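J.: Sharing a structure below in structure tokens format, with a few things to ask.
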Amino acid sequence: MVFKKMLSAFGVGGPSVDTVLTNPNTRPGLTLDGHVNLVGGDSPARIEQINLGLVTRVEIESGDHEYAGAMEFHRLPVSGAFELAPKQQLSIPFQMPVPWETPITDVYGQRLHGMTMGLRTELAVARAVDKSDLDQVSVHPLPVHERILEAFQALGFRFKHADLERGHIYGVPQTLPFYQEIEFFAAPQYAQTVTEVELTFVTSQQGVEVILECDKRGGFLSPGHDVFGRYSIPHTDAARTDWVQVVDGWLRETTGRYGSMRAQGFGMPHGGGHGYPGHGYAGHGRRGPGMGGVIAGAALGVAGGMIAGEMLEDAFDGGGDDFGDFGGE
């Protein structure tokens with residue numbers, strides 16, 4: 001499949017660039033392949049550099065306010081400096097690794113409501129930088145992600161929304177400056193205990209850290225609060241596990257905790273009885289500094305910089321969120 005989009009030119013008679021993806025569909029840990037095609041303008045031009053960047057929308061908390069911005073989180077240099085002759089045509093192949101922690105944007109062929117992802121082409125000519133529009137990219141789940149998401153659906157959970165939150169989850173090895181939250185309305189059998197469940201995957205080459213945040217209902221004498229569970233799953237277990245039983249066990253274990261376990265519970269081996277190594281923790285509050293005090297803010301490097309004044313929905317034809325829902329009604 002070929003997916004192309006003509007990017008803006010450097011004025012009348014200047015060079016133009018057309019980025020062509022062999023396939024815009026990928027998965028964490030795989031690649032995006034394609035070509036950057038250049039056509040020279042009416043006069044010679046010195047191309048200083050060509051870069052590709054994966055860009056997504058991230059929610060950022062600042063004091064009592066929250067806003068969304070576009071963030072480039074992974075960059076690939078395609079070319080250094082060279083001279084482009086008038087009308088010269090040049091095609092530069094690329095193979096861009098997709099980070100293991102790249103968030104999921106599509107499930108069962110449908111875009112997760114709230115998720116956007118794009119590949120941005122940056123062409124610098126004689127000290128002028130064209131930040132161009134974005135080519136849409138779809139990131140599909142790995143097998144272990146699919147099994148867990150299928151288990152949530154089989155248990156009766158309904159998908160609500162997905163977004164990316166800037167920050168790091170305390171104690172979880174994390175390379176990107178944000179984490180994904182996939183939010184579900186509670187299934188009927190859990191509705192008396194929780195109102196919503198948020199699911200986070202932090203993926204590596206070895207496996208997946210699964211973090212659950214359950215919005216627990218209050219009782220007659222106790223207020224509602226959030227409780228958390230963390231479980232470590234190797235990729236090799238994706239095809240040989242009864243995931244409905246495992247996820248149900250995680251949820252019952254997590255919601256059975258009390259907020260007072262917040263400090264001493266984190267990092268302790270859980271006793272879920274499913275034969276998986278993992279860690280459990282619980283906490284009060286909803287987001288404060290992030291995930292009930294469990295999240296620590298992260299300083300952003302060059303690859304984690306915000307793109308000022310640019311929203312991803314405006315960069316894609318037709319907007320970034322009109323792609324249907326996973327698990328919705």
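Labels used: A, B, ... for chains in the order of the structure tokens, numbers from 1 for residues in each chain, and numbers from 1 for ligands as shown.
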If you count only C-alpha atoms, which residues fall within 12 Å of range 20-24 of chain A, apart from same-chain ones fewer than 4 positions away, as a PyMOL selection string?
T.: chain A and resi 1-7+30-38+52+54+91-96+98+105-106+117-121+134-140
J.: Excluding Pro103 in chain A and any residue of its chain fewer than 3 positions from it, enumerate the residues within 8 Å of it, using only C-alpha atoms, and give them as number ranges by chain.
T.: A: 28, 139, 179-180
J.: Please produce a file of those selected residues containing all heavy atoms, as an mmCIF file, in the first residue's frame.
T.:
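Okay, this is what ended up in selection03.cif:
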```
data_model
loop_
_atom_site.group_PDB
_atom_site.id
_atom_site.type_symbol
_atom_site.label_atom_id
_atom_site.label_comp_id
_atom_site.auth_asym_id
_atom_site.auth_seq_id
_atom_site.Cartn_x
_atom_site.Cartn_y
_atom_site.Cartn_z
ATOM 1 N N PRO A 28 4.316 -1.352 17.569
ATOM 2 C CA PRO A 28 5.485 -1.030 18.384
ATOM 3 C C PRO A 28 6.610 -2.038 18.145
ATOM 4 O O PRO A 28 6.385 -3.242 18.066
ATOM 5 C CB PRO A 28 4.952 -1.136 19.820
ATOM 6 C CG PRO A 28 3.476 -0.859 19.691
ATOM 7 C CD PRO A 28 3.080 -1.474 18.378
ATOM 8 N N VAL A 139 -0.828 2.893 14.428
ATOM 9 C CA VAL A 139 -0.044 1.957 15.237
ATOM 10 C C VAL A 139 -0.998 0.928 15.830
ATOM 11 O O VAL A 139 -1.886 1.264 16.620
ATOM 12 C CB VAL A 139 0.725 2.688 16.350
ATOM 13 C CG1 VAL A 139 1.573 1.701 17.145
ATOM 14 C CG2 VAL A 139 1.599 3.798 15.767
ATOM 15 N N TYR A 179 2.817 8.698 28.722
ATOM 16 C CA TYR A 179 2.263 7.350 28.799
ATOM 17 C C TYR A 179 0.822 7.410 28.308
ATOM 18 O O TYR A 179 0.161 8.451 28.388
ATOM 19 C CB TYR A 179 2.323 6.780 30.226
ATOM 20 C CG TYR A 179 1.654 7.651 31.251
ATOM 21 C CD1 TYR A 179 0.315 7.454 31.600
ATOM 22 C CD2 TYR A 179 2.352 8.690 31.871
ATOM 23 C CE1 TYR A 179 -0.304 8.262 32.541
ATOM 24 C CE2 TYR A 179 1.737 9.505 32.806
ATOM 25 C CZ TYR A 179 0.417 9.293 33.131
ATOM 26 O OH TYR A 179 -0.199 10.103 34.060
ATOM 27 N N GLN A 180 0.332 6.294 27.786
ATOM 28 C CA GLN A 180 -1.027 6.233 27.243
ATOM 29 C C GLN A 180 -1.997 5.717 28.290
ATOM 30 O O GLN A 180 -1.691 4.778 29.043
ATOM 31 C CB GLN A 180 -1.071 5.323 26.016
ATOM 32 C CG GLN A 180 -2.429 5.252 25.332
ATOM 33 C CD GLN A 180 -2.409 4.414 24.072
ATOM 34 O OE1 GLN A 180 -1.667 3.438 23.974
ATOM 35 N NE2 GLN A 180 -3.213 4.787 23.093
#
```
J.: Using backbone DSSP assignments, extract all alpha helix (DSSP H) residues from range 27-180 of chain A; output them as an MDAnalysis selection string.
T.: chainID A and resid 143:154
J.: For those residues, write C-alpha atoms to a file as a PDB file, in the first residue's frame.
T.:
```pdb
ATOM      1  CA  PRO A 143      -0.368  -9.778  20.320  1.00  0.00           C
ATOM      2  CA  VAL A 144      -0.114  -9.348  24.094  1.00  0.00           C
ATOM      3  CA  HIS A 145      -1.897  -5.979  23.865  1.00  0.00           C
ATOM      4  CA  GLU A 146      -4.624  -7.544  21.729  1.00  0.00           C
ATOM      5  CA  ARG A 147      -5.217 -10.401  24.182  1.00  0.00           C
ATOM      6  CA  ILE A 148      -5.589  -8.005  27.117  1.00  0.00           C
ATOM      7  CA  LEU A 149      -7.880  -5.616  25.222  1.00  0.00           C
ATOM      8  CA  GLU A 150      -9.989  -8.556  24.053  1.00  0.00           C
ATOM      9  CA  ALA A 151     -10.290  -9.725  27.665  1.00  0.00           C
ATOM     10  CA  PHE A 152     -11.581  -6.310  28.757  1.00  0.00           C
ATOM     11  CA  GLN A 153     -14.183  -6.443  26.002  1.00  0.00           C
ATOM     12  CA  ALA A 154     -15.156 -10.043  26.870  1.00  0.00           C
TER      13      ALA A 154
END
```
J.: What's the separation between CA of Arg27 in chain A and CA of Glu59 in chain A, in Å to one decimal place?
T.: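 Result for CA of Arg27 in chain A versus CA of Glu59 in chain A: 22.4 Å, one decimal.
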J.: Please report, as a VMD selection string, each residue of range 41-290 of chain A to which DSSP assigns strand (DSSP E or B) when run on this structure's backbone.
T.: chain A and resid 45 to 62 65 to 79 82 to 84 89 to 97 106 to 107 110 to 111 117 to 125 128 to 130 134 to 136 138 to 139 158 to 166 168 to 169 178 to 185 194 to 203 207 to 216 225 to 234 268 to 269 278 to 280
J.: What does the distance from CA of Thr26 in chain A to CA of Asp242 in chain A come to in Å, to one decimal?
T.: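 It comes out at 26.2 Å.
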J.: So what do you get for CA of Gly114 in chain A versus CA of Gln192 in chain A, distance-wise?
T.: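 Interatomic distance, CA of Gly114 in chain A to CA of Gln192 in chain A: 27.2 Å.
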J.: Have a look at A:Gly41, A:Arg46, A:Glu61, A:Pro77 and name the one nearest to Glu165 in chain A; count only C-alpha atoms.
T.: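 Closest residue, counting only C-alpha atoms: A:Glu61.
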J.: Pick from A:Leu90, A:Val194, A:Ala239, A:Val210: nearest to Arg252 in chain A, with only C-alpha atoms counted?
T.: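 Using only C-alpha atoms, the shortest distance to Arg252 in chain A belongs to A:Val194.
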J.: Using only C-alpha atoms, which residues sit within 6 Å of Leu84 in chain A once same-chain residues fewer than 5 positions away are excluded, as a ChimeraX atom specification?
T.: /A:40,44-45
J.: Ranking A:Glu101, A:Glu196, A:Asp163, A:Glu209 by minimum distance to Tyr67 in chain A and counting only C-alpha atoms, which one comes first?
T.: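 Checking each candidate against Tyr67 in chain A, we get A:Asp163 as the closest.
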J.: Quick one: of A:Glu72, A:Asp226, A:Glu213, A:Asp42, who's nearest to Val58 in chain A, counting only C-alpha atoms?
T.: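 Smallest distance to Val58 in chain A is found for A:Glu72.
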J.: List every residue of range 173-206 of chain A that has an atom at most 12 Å from any atom of range 247-251 of chain A, giving for each one its closest atom pair and the distance in Å to one decimal, counting only C-alpha atoms, sorted by chain and then by ascending residue number, as a tab-separated table.
T.:
```
residue	atom	partner	partner_atom	distance
A:Ala186	CA	A:Leu251	CA	10.7
A:Ala187	CA	A:Asp248	CA	10.9
A:Gln189	CA	A:Asp248	CA	10.4
A:Tyr190	CA	A:Leu251	CA	8.8
A:Ala191	CA	A:Leu251	CA	12.0
A:Thr193	CA	A:Leu251	CA	10.4
A:Val194	CA	A:Leu251	CA	9.9
A:Glu196	CA	A:Leu251	CA	11.4
A:Val197	CA	A:Leu251	CA	9.0
A:Glu198	CA	A:Leu251	CA	11.1
A:Leu199	CA	A:Leu251	CA	10.9
```
J.: From the list A:Gly63, A:Thr116, A:Ala126, A:Arg111, which residue is nearest Ile47 in chain A when using only C-alpha atoms?
T.: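 The shortest atom-to-atom distance to Ile47 in chain A comes from A:Ala126.
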